[in-house]
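*Asks:* Input upload-v2.cif, format and content: mmCIF, C-alpha atoms.
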data_entry
loop_
_atom_site.label_atom_id
_atom_site.label_comp_id
_atom_site.auth_asym_id
_atom_site.auth_seq_id
_atom_site.Cartn_x
_atom_site.Cartn_y
_atom_site.Cartn_z
CA MET G 1 -41.08 127.81 -51.10
CA GLU G 2 -39.36 130.17 -48.70
CA GLU G 3 -37.85 128.47 -45.70
CA LEU G 4 -38.74 129.94 -42.30
CA VAL G 5 -36.58 127.63 -40.24
CA LEU G 6 -32.80 127.99 -40.25
CA HIS G 7 -30.59 125.25 -38.90
CA ILE G 8 -27.34 126.03 -37.14
CA LYS G 9 -24.56 123.64 -36.33
CA ASN G 10 -22.51 123.53 -33.09
CA MET G 11 -24.90 125.30 -30.73
CA VAL G 12 -24.58 123.66 -27.32
CA CYS G 13 -25.48 126.10 -24.55
CA PRO G 14 -27.34 129.28 -23.55
CA ARG G 15 -24.31 131.44 -24.49
CA CYS G 16 -24.48 129.99 -27.99
CA ILE G 17 -28.08 131.15 -28.13
CA MET G 18 -27.10 134.61 -26.85
CA ALA G 19 -24.31 134.85 -29.43
CA VAL G 20 -26.66 133.97 -32.29
CA GLU G 21 -29.24 136.38 -30.87
CA ASP G 22 -26.71 139.21 -31.06
CA ILE G 23 -25.92 138.43 -34.67
CA LEU G 24 -29.59 138.25 -35.67
CA ASP G 25 -30.23 141.58 -33.96
CA ASN G 26 -27.23 143.18 -35.68
CA LEU G 27 -28.55 142.05 -39.05
CA SER G 28 -32.09 143.13 -38.10
CA VAL G 29 -33.42 139.65 -38.73
CA ALA G 30 -36.81 139.16 -37.07
CA TYR G 31 -37.38 135.74 -35.53
CA GLN G 32 -40.05 134.01 -33.49
CA ASN G 33 -37.86 131.74 -31.47
CA LEU G 34 -34.33 130.55 -31.17
CA THR G 35 -33.36 127.22 -29.65
CA LEU G 36 -30.27 125.05 -29.73
CA GLY G 37 -29.61 124.48 -33.41
CA GLN G 38 -32.66 126.23 -34.79
CA VAL G 39 -34.08 129.69 -35.56
CA ARG G 40 -37.68 130.18 -36.55
CA LEU G 41 -37.88 133.37 -38.59
CA SER G 42 -40.85 135.73 -38.56
CA VAL G 43 -40.46 136.49 -42.24
CA PRO G 44 -38.23 134.95 -44.91
CA ILE G 45 -34.85 136.62 -45.36
CA SER G 46 -33.21 137.58 -48.64
CA SER G 47 -30.36 135.49 -49.92
CA ALA G 48 -27.99 138.45 -49.37
CA VAL G 49 -28.90 138.57 -45.68
CA ARG G 50 -28.62 134.84 -45.49
CA VAL G 51 -25.07 134.97 -46.82
CA ARG G 52 -24.11 137.68 -44.31
CA LEU G 53 -25.70 135.69 -41.51
CA GLY G 54 -23.78 132.60 -42.57
CA GLU G 55 -20.51 134.52 -42.54
CA SER G 56 -21.15 136.16 -39.16
CA ILE G 57 -22.01 132.94 -37.39
CA LYS G 58 -19.07 131.17 -38.98
CA ASP G 59 -16.73 133.53 -37.12
CA LEU G 60 -18.16 132.15 -33.88
CA GLY G 61 -17.69 128.54 -34.90
CA PHE G 62 -21.26 127.95 -36.02
CA GLU G 63 -22.51 127.01 -39.45
CA LEU G 64 -25.77 127.35 -41.36
CA LEU G 65 -27.00 123.96 -42.52
CA GLU G 66 -29.10 123.08 -45.52
CA PRO G 67 -31.57 120.22 -45.16
CA GLY G 68 -29.68 117.01 -45.80
CA LYS G 69 -27.33 114.56 -44.21
CA SER G 70 -25.18 117.00 -42.26
CA LEU G 71 -28.36 118.56 -40.85
CA LEU G 72 -29.54 115.15 -39.64
CA ILE G 73 -26.21 114.55 -37.95
CA SER G 74 -26.32 117.95 -36.30
CA GLN G 75 -29.85 117.25 -35.07
CA ILE G 76 -28.79 113.91 -33.61
CA LYS G 77 -26.00 115.66 -31.72
CA THR G 78 -28.27 118.41 -30.45
CA LEU G 79 -30.80 115.87 -29.15
CA ILE G 80 -28.03 114.07 -27.28
CA VAL G 81 -26.45 117.24 -25.87
CA GLN G 82 -29.82 118.54 -24.74
CA GLN G 83 -30.71 115.27 -23.07
CA ILE G 84 -27.39 114.76 -21.30
CA HIS G 85 -26.55 118.31 -20.29
CA TYR G 86 -29.81 120.16 -19.89
CA SER G 87 -32.57 117.69 -19.16
CA GLU G 88 -33.88 117.58 -15.61
CA GLU G 89 -35.16 114.05 -15.96
CA PRO G 90 -33.06 111.09 -17.06
CA ILE G 91 -34.19 109.71 -20.42
CA GLN G 92 -36.99 107.15 -20.08
CA VAL G 93 -36.39 105.18 -23.28
CA ASN G 94 -33.26 104.10 -25.12
CA PHE G 95 -31.42 106.84 -26.95
CA SER G 96 -31.96 104.90 -30.18
CA THR G 97 -35.75 104.98 -29.78
CA TYR G 98 -35.65 108.61 -28.64
CA ILE G 99 -33.55 109.81 -31.57
CA SER G 100 -35.41 107.87 -34.23
CA GLU G 101 -38.80 109.07 -32.92
CA LYS G 102 -37.71 112.70 -32.75
CA LEU G 103 -36.25 112.69 -36.25
CA HIS G 104 -38.81 110.36 -37.83
CA GLN G 105 -36.08 108.22 -39.33
CA ASP G 106 -35.07 104.62 -39.01
CA TYR G 107 -32.37 104.29 -36.37
CA GLY G 108 -30.33 101.88 -38.44
CA TYR G 109 -30.09 104.48 -41.19
CA LEU G 110 -29.21 107.30 -38.77
CA SER G 111 -26.64 105.16 -37.05
CA ARG G 112 -24.88 104.21 -40.30
CA LEU G 113 -24.99 107.80 -41.54
CA PHE G 114 -23.52 109.12 -38.29
CA SER G 115 -20.71 106.58 -38.15
CA THR G 116 -19.78 107.08 -41.79
CA VAL G 117 -19.59 110.87 -41.63
CA GLU G 118 -18.37 111.36 -38.07
CA GLY G 119 -16.01 108.41 -37.80
CA ILE G 120 -17.49 107.37 -34.45
CA THR G 121 -20.73 105.65 -33.57
CA ILE G 122 -23.66 107.44 -31.97
CA GLU G 123 -23.18 105.25 -28.90
CA LYS G 124 -19.58 106.38 -28.56
CA PHE G 125 -20.63 110.01 -29.00
CA ILE G 126 -23.15 109.57 -26.18
CA VAL G 127 -20.47 108.07 -23.94
CA LYS G 128 -18.17 111.02 -24.66
CA GLN G 129 -20.87 113.53 -23.82
CA ARG G 130 -21.76 111.73 -20.61
CA ILE G 131 -18.15 111.49 -19.50
CA GLU G 132 -17.71 115.20 -20.21
CA LYS G 133 -20.70 115.87 -17.98
CA VAL G 134 -19.21 113.66 -15.27
CA LYS G 135 -15.97 115.66 -15.56
CA GLU G 136 -17.97 118.84 -15.15
CA PHE G 137 -19.61 117.50 -11.98
CA LEU G 138 -16.28 116.32 -10.58
CA PHE G 139 -14.80 119.75 -11.32
CA TYR G 140 -17.53 121.50 -9.31
CA ASP G 141 -16.76 119.23 -6.38
CA GLU G 142 -20.33 119.35 -5.14
CA LEU G 143 -21.44 115.74 -5.49
CA THR G 144 -19.85 112.44 -4.56
CA LEU G 145 -19.12 109.94 -7.28
CA SER G 146 -22.08 107.79 -6.34
CA GLU G 147 -24.35 110.83 -6.42
CA ILE G 148 -23.01 111.71 -9.86
CA GLY G 149 -23.53 108.14 -11.02
CA HIS G 150 -27.11 108.20 -9.80
CA LYS G 151 -27.81 111.57 -11.41
CA MET G 152 -26.35 110.44 -14.71
CA ASN G 153 -28.29 107.19 -14.64
CA TYR G 154 -25.30 104.85 -14.43
CA SER G 155 -26.23 101.41 -13.19
CA SER G 156 -23.32 101.42 -10.74
CA VAL G 157 -20.31 103.44 -9.61
CA ALA G 158 -18.11 100.64 -10.89
CA HIS G 159 -19.57 101.03 -14.37
CA LEU G 160 -19.11 104.80 -14.26
CA SER G 161 -15.52 104.48 -13.06
CA ALA G 162 -14.65 101.92 -15.71
CA GLN G 163 -16.16 104.01 -18.49
CA PHE G 164 -14.43 107.14 -17.20
CA LYS G 165 -11.08 105.39 -17.12
CA LYS G 166 -11.57 104.05 -20.61
CA GLU G 167 -12.37 107.50 -22.01
CA THR G 168 -9.93 109.69 -20.11
CA GLY G 169 -7.19 107.28 -19.09
CA MET G 170 -7.71 108.35 -15.49
CA THR G 171 -9.89 107.14 -12.68
CA PRO G 172 -12.44 109.70 -11.45
CA THR G 173 -10.43 110.03 -8.25
CA SER G 174 -7.15 110.79 -9.96
CA TYR G 175 -8.94 113.18 -12.32
CA LYS G 176 -10.28 115.03 -9.32
CA GLN G 177 -6.83 115.26 -7.80
CA ASN G 178 -5.46 116.77 -11.02
CA ILE G 179 -8.26 119.30 -11.46
CA SER G 180 -6.57 122.24 -9.78
CA GLY G 181 -3.63 121.92 -12.17
CA ASP G 182 -5.56 121.30 -15.35
CA PRO G 183 -9.30 120.62 -15.49
CA ASP G 184 -8.82 119.33 -19.07
CA ARG G 185 -12.40 119.92 -20.07
CA ARG G 186 -13.46 119.91 -23.71
CA PRO G 187 -15.94 122.14 -25.49
CA LEU G 188 -19.11 120.12 -25.99
CA ASP G 189 -19.19 120.88 -29.70
CA SER G 190 -15.74 119.44 -30.21
CA LEU G 191 -16.49 115.97 -28.87
CA MET S 1 -30.06 125.21 -1.85
CA CYS S 2 -30.62 128.87 -1.12
CA LEU S 3 -28.30 130.57 1.29
CA GLU S 4 -28.24 134.16 2.33
CA LYS S 5 -24.55 134.17 2.74
CA VAL S 6 -22.66 132.45 -0.02
CA GLU S 7 -18.99 131.78 0.32
CA TYR S 8 -17.21 131.90 -2.96
CA HIS S 9 -14.68 129.53 -4.28
CA MET S 10 -11.77 131.93 -4.33
CA LYS S 11 -9.13 129.30 -3.97
CA GLU S 12 -5.95 131.25 -4.30
CA THR S 13 -6.52 133.24 -7.47
CA ALA S 14 -8.98 131.12 -9.41
CA LEU S 15 -12.73 131.57 -9.62
CA LYS S 16 -14.72 128.48 -10.57
CA ILE S 17 -17.73 129.03 -12.80
CA LYS S 18 -20.59 126.65 -13.33
CA GLY S 19 -22.16 126.15 -16.75
CA MET S 20 -19.24 126.90 -19.07
CA VAL S 21 -19.29 124.23 -21.77
CA CYS S 22 -17.97 125.66 -25.04
CA ASN S 23 -15.84 128.32 -26.69
CA ARG S 24 -18.76 130.79 -26.84
CA CYS S 25 -18.90 130.58 -23.06
CA ILE S 26 -15.22 131.46 -22.88
CA ALA S 27 -15.76 134.34 -25.34
CA ALA S 28 -18.70 135.65 -23.30
CA ILE S 29 -16.61 135.66 -20.11
CA GLU S 30 -13.65 137.25 -21.92
CA ASP S 31 -15.88 140.03 -23.28
CA LEU S 32 -17.19 140.68 -19.82
CA LEU S 33 -13.71 140.76 -18.29
CA ALA S 34 -12.45 143.09 -21.02
CA GLN S 35 -14.87 145.71 -19.74
CA THR S 36 -13.29 145.57 -16.29
CA ASP S 37 -9.71 146.27 -15.27
CA LEU S 38 -9.29 143.03 -13.37
CA PRO S 39 -5.88 141.35 -13.73
CA VAL S 40 -6.95 138.31 -15.75
CA LYS S 41 -4.37 135.64 -16.46
CA LYS S 42 -6.42 132.99 -18.19
CA VAL S 43 -9.98 131.96 -18.93
CA SER S 44 -10.65 128.27 -19.44
CA LEU S 45 -13.76 126.10 -19.40
CA GLY S 46 -15.06 126.47 -15.88
CA MET S 47 -12.46 128.81 -14.47
CA ILE S 48 -11.04 132.32 -14.50
CA GLU S 49 -7.50 132.73 -13.22
CA PHE S 50 -6.36 136.10 -11.93
CA ALA S 51 -2.90 137.46 -11.33
CA ARG S 52 -3.81 138.19 -7.73
CA PRO S 53 -6.65 137.33 -5.35
CA LEU S 54 -9.61 139.68 -5.85
CA GLY S 55 -11.00 141.91 -3.16
CA GLU S 56 -14.50 141.49 -1.73
CA PHE S 57 -15.95 144.34 -3.80
CA GLU S 58 -14.32 143.19 -7.03
CA ILE S 59 -15.66 139.68 -6.57
CA ARG S 60 -19.17 140.77 -5.77
CA SER S 61 -19.50 143.03 -8.77
CA LEU S 62 -17.93 140.41 -11.05
CA ILE S 63 -20.25 137.68 -9.82
CA GLY S 64 -23.29 139.81 -10.55
CA LYS S 65 -22.18 140.20 -14.16
CA ILE S 66 -21.31 136.52 -14.53
CA ARG S 67 -24.77 135.53 -13.33
CA LYS S 68 -26.37 137.78 -15.94
CA LEU S 69 -24.82 135.53 -18.59
CA GLY S 70 -26.61 132.57 -17.05
CA PHE S 71 -23.63 131.12 -15.23
CA GLU S 72 -23.36 130.33 -11.55
CA ILE S 73 -20.41 130.52 -9.22
CA VAL S 74 -19.22 127.30 -7.64
CA SER S 75 -19.50 127.98 -3.95
CA LYS S 76 -17.43 126.35 -1.31
CA ARG S 77 -19.60 123.36 -0.85
CA GLN S 78 -18.44 122.42 2.56
CA ALA S 79 -18.56 125.89 4.07
CA SER S 80 -22.07 126.57 2.86
CA ILE S 81 -23.41 123.17 3.87
CA VAL S 82 -21.89 123.37 7.32
CA ALA S 83 -23.31 126.85 7.87
CA LYS S 84 -26.76 125.68 6.86
CA ILE S 85 -26.60 122.59 9.08
CA LYS S 86 -25.78 124.71 12.10
CA GLU S 87 -28.65 126.98 11.31
CA MET S 88 -31.03 124.02 11.02
CA VAL S 89 -29.85 122.50 14.29
CA GLN S 90 -30.34 125.83 16.06
CA GLU S 91 -33.81 126.22 14.64
CA LEU S 92 -34.81 122.74 15.73
CA VAL S 93 -33.30 122.98 19.18
CA ASN S 94 -34.80 126.41 19.82
CA GLY S 95 -38.16 125.63 18.27
CA THR S 96 -41.15 125.09 20.48
CA GLN S 97 -42.22 121.97 18.62
CA PRO S 98 -41.43 118.71 20.37
CA MET S 99 -38.63 117.10 18.41
CA GLU S 100 -39.64 113.53 19.10
CA SER S 101 -40.70 112.78 15.59
CA LEU S 102 -37.78 114.48 13.88
CA LYS S 103 -34.94 112.59 12.43
CA PHE S 104 -31.95 114.78 11.73
CA SER S 105 -30.40 112.49 9.19
CA THR S 106 -33.59 112.45 7.11
CA LEU S 107 -34.00 116.21 7.40
CA PHE S 108 -30.47 116.91 6.23
CA GLN S 109 -30.74 114.46 3.41
CA GLU S 110 -33.93 116.12 2.21
CA GLN S 111 -32.41 119.58 2.46
CA PHE S 112 -29.14 118.88 0.68
CA HIS S 113 -29.90 115.87 -1.50
CA PHE S 114 -26.65 114.36 -0.35
CA HIS S 115 -26.22 111.10 1.40
CA TYR S 116 -26.10 111.63 5.15
CA ASP S 117 -22.59 110.14 5.36
CA THR S 118 -21.32 112.83 2.99
CA ILE S 119 -22.92 115.64 4.96
CA SER S 120 -21.65 114.22 8.20
CA ALA S 121 -18.11 113.90 6.80
CA TYR S 122 -18.06 117.56 5.70
CA PHE S 123 -19.20 118.62 9.09
CA SER S 124 -16.55 116.70 11.00
CA GLU S 125 -13.87 117.91 8.65
CA ALA S 126 -14.83 121.56 8.98
CA GLU S 127 -15.74 121.63 12.66
CA GLY S 128 -13.45 119.06 14.23
CA ILE S 129 -16.42 117.46 15.95
CA THR S 130 -18.89 114.95 14.56
CA LEU S 131 -22.32 116.14 13.59
CA GLU S 132 -23.90 113.72 16.07
CA LYS S 133 -21.76 115.12 18.86
CA TYR S 134 -22.60 118.68 17.82
CA ILE S 135 -26.32 117.98 17.97
CA VAL S 136 -25.94 116.33 21.40
CA GLN S 137 -24.01 119.39 22.56
CA GLN S 138 -26.53 121.90 21.26
CA ARG S 139 -29.42 120.01 22.81
CA LEU S 140 -27.63 119.85 26.14
CA TYR S 141 -27.02 123.61 26.06
CA LYS S 142 -30.73 123.99 25.57
CA VAL S 143 -31.42 121.59 28.44
CA GLN S 144 -29.17 123.69 30.67
CA GLU S 145 -30.91 126.85 29.58
CA LEU S 146 -34.32 125.38 30.33
CA LEU S 147 -33.12 124.05 33.70
CA LYS S 148 -31.92 127.52 34.64
CA ASP S 149 -34.57 129.73 33.17
CA THR S 150 -37.78 127.76 33.54
CA ASN S 151 -39.57 125.60 36.05
CA LEU S 152 -40.12 122.81 33.57
CA THR S 153 -39.58 119.37 35.04
CA LEU S 154 -36.88 117.21 33.58
CA SER S 155 -39.41 114.97 31.91
CA GLU S 156 -41.08 117.98 30.30
CA ILE S 157 -37.69 119.12 29.03
CA ALA S 158 -36.89 115.65 27.77
CA PHE S 159 -40.15 115.53 25.86
CA ARG S 160 -39.74 118.99 24.40
CA LEU S 161 -36.24 118.29 23.13
CA GLY S 162 -37.12 114.92 21.71
CA TYR S 163 -35.26 112.66 24.11
CA SER S 164 -36.66 109.15 24.16
CA SER S 165 -36.68 109.06 27.97
CA VAL S 166 -35.70 111.04 31.04
CA ASN S 167 -33.16 108.37 31.90
CA TYR S 168 -31.53 108.81 28.56
CA LEU S 169 -31.36 112.57 28.99
CA SER S 170 -29.92 112.25 32.50
CA ALA S 171 -27.31 109.78 31.37
CA GLN S 172 -26.27 111.95 28.44
CA PHE S 173 -26.17 115.02 30.63
CA LYS S 174 -24.01 113.29 33.20
CA ASN S 175 -21.80 111.86 30.56
CA ASN S 176 -21.08 115.24 28.99
CA THR S 177 -21.04 117.59 31.95
CA GLY S 178 -20.14 115.32 34.85
CA LEU S 179 -23.21 116.55 36.69
CA THR S 180 -26.72 115.23 37.03
CA PRO S 181 -29.42 117.59 35.76
CA SER S 182 -30.86 118.11 39.23
CA HIS S 183 -27.44 118.85 40.64
CA PHE S 184 -26.87 121.36 37.85
CA ARG S 185 -30.13 123.12 38.65
CA LYS S 186 -29.23 123.35 42.36
CA ILE S 187 -25.73 124.66 41.79
CA ASP S 188 -27.09 127.31 39.59
CA ILE S 189 -29.57 128.54 42.15
CA LYS S 190 -26.89 128.62 44.82
CA ASP S 191 -24.64 130.66 42.57
CA LEU S 192 -27.34 133.19 42.04
CA ALA S 193 -28.11 133.44 45.75
#
Could you express the structure from this file as C-alpha cells?
*Replies:*
Amino acid sequence: MEELVLHIKNMVCPRCIMAVEDILDNLSVAYQNLTLGQVRLSVPISSAVRVRLGESIKDLGFELLEPGKSLLISQIKTLIVQQIHYSEEPIQVNFSTYISEKLHQDYGYLSRLFSTVEGITIEKFIVKQRIEKVKEFLFYDELTLSEIGHKMNYSSVAHLSAQFKKETGMTPTSYKQNISGDPDRRPLDSL
Amino acid sequence: MCLEKVEYHMKETALKIKGMVCNRCIAAIEDLLAQTDLPVKKVSLGMIEFARPLGEFEIRSLIGKIRKLGFEIVSKRQASIVAKIKEMVQELVNGTQPMESLKFSTLFQEQFHFHYDTISAYFSEAEGITLEKYIVQQRLYKVQELLKDTNLTLSEIAFRLGYSSVNYLSAQFKNNTGLTPSHFRKIDIKDLA
C-alpha cells in the first residue's frame, strides 16, 4: 500500500513548516496539509522523489522517518513541544495520559522506549522544554517571574526557581542579568 | 495589547525577536538579512546584532519583513505600557461617564494582564511619580478645568470625577494646590476681570 503520510523529525516551529513547504514546492510534491512532523500528500510520490526529498530536508536538519520506534519517539517529542510552546491552554491531564492517548500506546512502553533510545526520561525532556520556554519568556522581559510561573502552570515560583536552577545552574534572576551578554538559548530540537 | 505607536527594543545595536526557537528560524532571518545591506554582526536565537544602531527607516522596513516570517519584535515593555496607561487615564478623566464605579487597578490589570504592582512599578520607574499620584494629579487638573470653564457645583464635579465625597475632593485639592476649590474659582475670575 502506498503511504500518503510522511513523517519528519525535528520540526519545532512555523519556520520549520515554511522550510519544508519550500522544499516540497521545489520538488513539485502536492500535499494536502503540513503540520509539525507530518505531511499529508495528495498523491503518492515515487521512490526517486522520496529519496530527493529525504536528501533536501536532511540539509536543513530534518529527517524522513519510517514507521517504527524512532517515529514514535519523534511523535512523543512533537506532542510535548506543541503543548509547551504553542498551546494556548495549559494541559488538563498528565502528560503521561495525554501522550499515551494520542499515540494509542501504553505509557510504560513509550517511557521505556524513550529512555532507552534518548538516554533521558520523558519527564526530564518535558522539564528541559519547559525551562527553555521559561528562558524565552525571561529573555523577552515582558512578564514577571510569578506571571511566567502561572502561565507555565508551575505550582509556585519557588518550584519554578528551583527547577530552573537545577537545569541551568543559574537562578532566574541571575539568568536575566546575564541575558544581554549571552542569552544562551538552545534550539528546541536539540534538547 | 495593541498600540498604535510601538517603541522597538533597539537597545544599543541589538534587535530582540520573539518566536525564534530553532536553527531554521536563524536561517530564515539570515536569508532575509542577506537580501538587505544592513551591517549584521550576528544572528542568534532571539536576537540580531548589528555593527551600528539602525535608522528609523531601516528598522521599520526590516520589522515588516520579520513579521512576514511569523516573528514579532520585542517592544520596550515599559515604554509601551506607560504610554497606554496615560492614554487610559486621560480617557477616563475626560470621559463624561461618572467614574464612581471604576477601579483603576482592576482596569489596568484587565488591559495588560499584569499584576497591578508590576504595572505601578513600571510607571514610577519611567515617570518618576507613582501611578496613584499621577491619577490624583490628572483628576485635579480636570477639577480645575471644570471649576474654571463650567458652572458645575463642587459636588457635581466630585460626582462626575468619581470622588467619594466633596470633603474628600476639597481635602485633596487643598493638599495638592494649597488652595480650596472655592478660593481657586474666585481667584480665577478675578484674574480674568
*Asks:* I need the contact residues of chain G against chain S, so if you could list those with any atom within 9 Å, counting all atoms listed in the file, and return them as number ranges by chain, that would help.
*Replies:* G: 11-16, 18-19, 60-61, 136, 139-144, 147, 183-190
*Asks:* Can you work out which one of S:Val40, S:Val93, S:Ala171, S:Leu107 has the shortest atom-to-atom distance to S:Glu145, counting all atoms listed in the file?
*Replies:*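 So, comparing all the options, the nearest one is S:Val93.
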*Asks:* Quick one: which residues end up in the PyMOL selection byres ((chain S and resi 119) around 10) for this structure, as number ranges by chain?
*Replies:* S: 78, 81-82, 85, 105, 108-109, 112-118, 120-124, 131
*Asks:* What do you get, as a PyMOL selection string, if you spell out every residue that the PyMOL selection byres ((chain S and resi 176) around 12) selects here?
*Replies:* chain S and resi 133-134+136-141+144+169-175+177-181
*Asks:* Once you have the residues from the selection above, write them out as an mmCIF file, in the frame of the given file, restricted to C-alpha atoms.
*Replies:*
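part.cif, written as the output of this step:
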data_model
loop_
_atom_site.group_PDB
_atom_site.id
_atom_site.type_symbol
_atom_site.label_atom_id
_atom_site.label_comp_id
_atom_site.auth_asym_id
_atom_site.auth_seq_id
_atom_site.Cartn_x
_atom_site.Cartn_y
_atom_site.Cartn_z
ATOM 1 C CA LYS S 133 -21.760 115.120 18.860
ATOM 2 C CA TYR S 134 -22.600 118.680 17.820
ATOM 3 C CA VAL S 136 -25.940 116.330 21.400
ATOM 4 C CA GLN S 137 -24.010 119.390 22.560
ATOM 5 C CA GLN S 138 -26.530 121.900 21.260
ATOM 6 C CA ARG S 139 -29.420 120.010 22.810
ATOM 7 C CA LEU S 140 -27.630 119.850 26.140
ATOM 8 C CA TYR S 141 -27.020 123.610 26.060
ATOM 9 C CA GLN S 144 -29.170 123.690 30.670
ATOM 10 C CA LEU S 169 -31.360 112.570 28.990
ATOM 11 C CA SER S 170 -29.920 112.250 32.500
ATOM 12 C CA ALA S 171 -27.310 109.780 31.370
ATOM 13 C CA GLN S 172 -26.270 111.950 28.440
ATOM 14 C CA PHE S 173 -26.170 115.020 30.630
ATOM 15 C CA LYS S 174 -24.010 113.290 33.200
ATOM 16 C CA ASN S 175 -21.800 111.860 30.560
ATOM 17 C CA THR S 177 -21.040 117.590 31.950
ATOM 18 C CA GLY S 178 -20.140 115.320 34.850
ATOM 19 C CA LEU S 179 -23.210 116.550 36.690
ATOM 20 C CA THR S 180 -26.720 115.230 37.030
ATOM 21 C CA PRO S 181 -29.420 117.590 35.760
#
*Asks:* For the point (-20.2, 107.6, -23.8) in file coordinates, what residues are within 12 Å, counting only C-alpha atoms? Give the answer as an mmCIF file with C-alpha atoms, keeping the file's coordinate frame?
*Replies:*
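Below you can see point_12.cif, which holds the result:
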data_model
loop_
_atom_site.group_PDB
_atom_site.id
_atom_site.type_symbol
_atom_site.label_atom_id
_atom_site.label_comp_id
_atom_site.auth_asym_id
_atom_site.auth_seq_id
_atom_site.Cartn_x
_atom_site.Cartn_y
_atom_site.Cartn_z
ATOM 1 C CA ILE G 80 -28.030 114.070 -27.280
ATOM 2 C CA VAL G 81 -26.450 117.240 -25.870
ATOM 3 C CA ILE G 84 -27.390 114.760 -21.300
ATOM 4 C CA PHE G 95 -31.420 106.840 -26.950
ATOM 5 C CA ILE G 120 -17.490 107.370 -34.450
ATOM 6 C CA THR G 121 -20.730 105.650 -33.570
ATOM 7 C CA ILE G 122 -23.660 107.440 -31.970
ATOM 8 C CA GLU G 123 -23.180 105.250 -28.900
ATOM 9 C CA LYS G 124 -19.580 106.380 -28.560
ATOM 10 C CA PHE G 125 -20.630 110.010 -29.000
ATOM 11 C CA ILE G 126 -23.150 109.570 -26.180
ATOM 12 C CA VAL G 127 -20.470 108.070 -23.940
ATOM 13 C CA LYS G 128 -18.170 111.020 -24.660
ATOM 14 C CA GLN G 129 -20.870 113.530 -23.820
ATOM 15 C CA ARG G 130 -21.760 111.730 -20.610
ATOM 16 C CA ILE G 131 -18.150 111.490 -19.500
ATOM 17 C CA GLU G 132 -17.710 115.200 -20.210
ATOM 18 C CA LYS G 133 -20.700 115.870 -17.980
ATOM 19 C CA VAL G 134 -19.210 113.660 -15.270
ATOM 20 C CA MET G 152 -26.350 110.440 -14.710
ATOM 21 C CA TYR G 154 -25.300 104.850 -14.430
ATOM 22 C CA HIS G 159 -19.570 101.030 -14.370
ATOM 23 C CA LEU G 160 -19.110 104.800 -14.260
ATOM 24 C CA ALA G 162 -14.650 101.920 -15.710
ATOM 25 C CA GLN G 163 -16.160 104.010 -18.490
ATOM 26 C CA PHE G 164 -14.430 107.140 -17.200
ATOM 27 C CA LYS G 165 -11.080 105.390 -17.120
ATOM 28 C CA LYS G 166 -11.570 104.050 -20.610
ATOM 29 C CA GLU G 167 -12.370 107.500 -22.010
ATOM 30 C CA THR G 168 -9.930 109.690 -20.110
ATOM 31 C CA LEU G 191 -16.490 115.970 -28.870
#
*Asks:* Give me the result of the PyMOL selection byres ((chain S and resi 147) around 10) on this file, residue by residue, as a list in words.
*Replies:*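 Applied to this file, the PyMOL selection byres ((chain S and resi 147) around 10) returns Tyr141, Lys142, Val143, Gln144, Glu145, Leu146, Lys148, Asp149, Thr150, Asn151, Leu152, Thr153, Leu154, Ile157, Pro181, Ser182, Phe184, Arg185, Lys186 and Asp188 of chain S.
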*Asks:* Would you save the residues from that selection as a PDB file, in the coordinates of the input, using C-alpha atoms?
*Replies:*
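Dumped everything to result08.pdb:
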ATOM      1  CA  TYR S 141     -27.020 123.610  26.060  1.00  0.00           C
ATOM      2  CA  LYS S 142     -30.730 123.990  25.570  1.00  0.00           C
ATOM      3  CA  VAL S 143     -31.420 121.590  28.440  1.00  0.00           C
ATOM      4  CA  GLN S 144     -29.170 123.690  30.670  1.00  0.00           C
ATOM      5  CA  GLU S 145     -30.910 126.850  29.580  1.00  0.00           C
ATOM      6  CA  LEU S 146     -34.320 125.380  30.330  1.00  0.00           C
ATOM      7  CA  LYS S 148     -31.920 127.520  34.640  1.00  0.00           C
ATOM      8  CA  ASP S 149     -34.570 129.730  33.170  1.00  0.00           C
ATOM      9  CA  THR S 150     -37.780 127.760  33.540  1.00  0.00           C
ATOM     10  CA  ASN S 151     -39.570 125.600  36.050  1.00  0.00           C
ATOM     11  CA  LEU S 152     -40.120 122.810  33.570  1.00  0.00           C
ATOM     12  CA  THR S 153     -39.580 119.370  35.040  1.00  0.00           C
ATOM     13  CA  LEU S 154     -36.880 117.210  33.580  1.00  0.00           C
ATOM     14  CA  ILE S 157     -37.690 119.120  29.030  1.00  0.00           C
ATOM     15  CA  PRO S 181     -29.420 117.590  35.760  1.00  0.00           C
ATOM     16  CA  SER S 182     -30.860 118.110  39.230  1.00  0.00           C
ATOM     17  CA  PHE S 184     -26.870 121.360  37.850  1.00  0.00           C
ATOM     18  CA  ARG S 185     -30.130 123.120  38.650  1.00  0.00           C
ATOM     19  CA  LYS S 186     -29.230 123.350  42.360  1.00  0.00           C
ATOM     20  CA  ASP S 188     -27.090 127.310  39.590  1.00  0.00           C
TER      21      ASP S 188
END
*Asks:* Any idea what the distance is between atom CA of G:Gln38 and atom CA of G:Ser56?
*Replies:* 15.8 Å
*Asks:* Record the distance separating atom CA of S:Tyr168 and atom CA of S:Thr106, expressed in Å with one decimal.
*Replies:*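 Calculated distance between atom CA of S:Tyr168 and atom CA of S:Thr106 is 21.9 Å.
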*Asks:* Taking all listed atoms of stretch 152-169 of chain G, build the axis-aligned box, pad each of the six sides by 5 Å, then write its centre and edge lengths in Å to one decimal as JSON.
*Replies:*
{"center_x": -17.7, "center_y": 105.5, "center_z": -15.8, "size_x": 31.1, "size_y": 19.8, "size_z": 22.4}
*Asks:* Any idea what's packed within 12 Å of G:Thr97, counting only C-alpha atoms, ignoring anything in its chain fewer than 3 positions away? Could you give it as a list of chain:residue names?
*Replies:*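 Returned residues: G:Ile76, G:Leu79, G:Ile91, G:Gln92, G:Val93, G:Asn94, G:Ser100, G:Glu101, G:Lys102, G:Leu103, G:His104, G:Gln105, G:Asp106, G:Tyr107, G:Gly108, G:Leu110, G:Ser111.
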*Asks:* Tell me, in Å to one decimal, how far atom CA of G:Gly68 is from atom CA of G:Gln82.
*Replies:*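 Atom-to-atom, atom CA of G:Gly68 and atom CA of G:Gln82 are spaced 21.1 Å apart.
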*Asks:* Check the smallest atom-to-atom distance from each of G:Glu66, G:Glu3, G:Glu118, G:Glu89 to G:Ile45 using all atoms listed in the file, then report the winner.
*Replies:* G:Glu3
*Asks:* Neighbouring residues of S:Leu54 were defined as those with any atom within 12 Å, considering all atoms listed in the file; residues of the same chain fewer than 2 positions away were excluded. Please report them as a PyMOL selection string.
*Replies:* chain S and resi 8-15+37-40+48-52+56-63
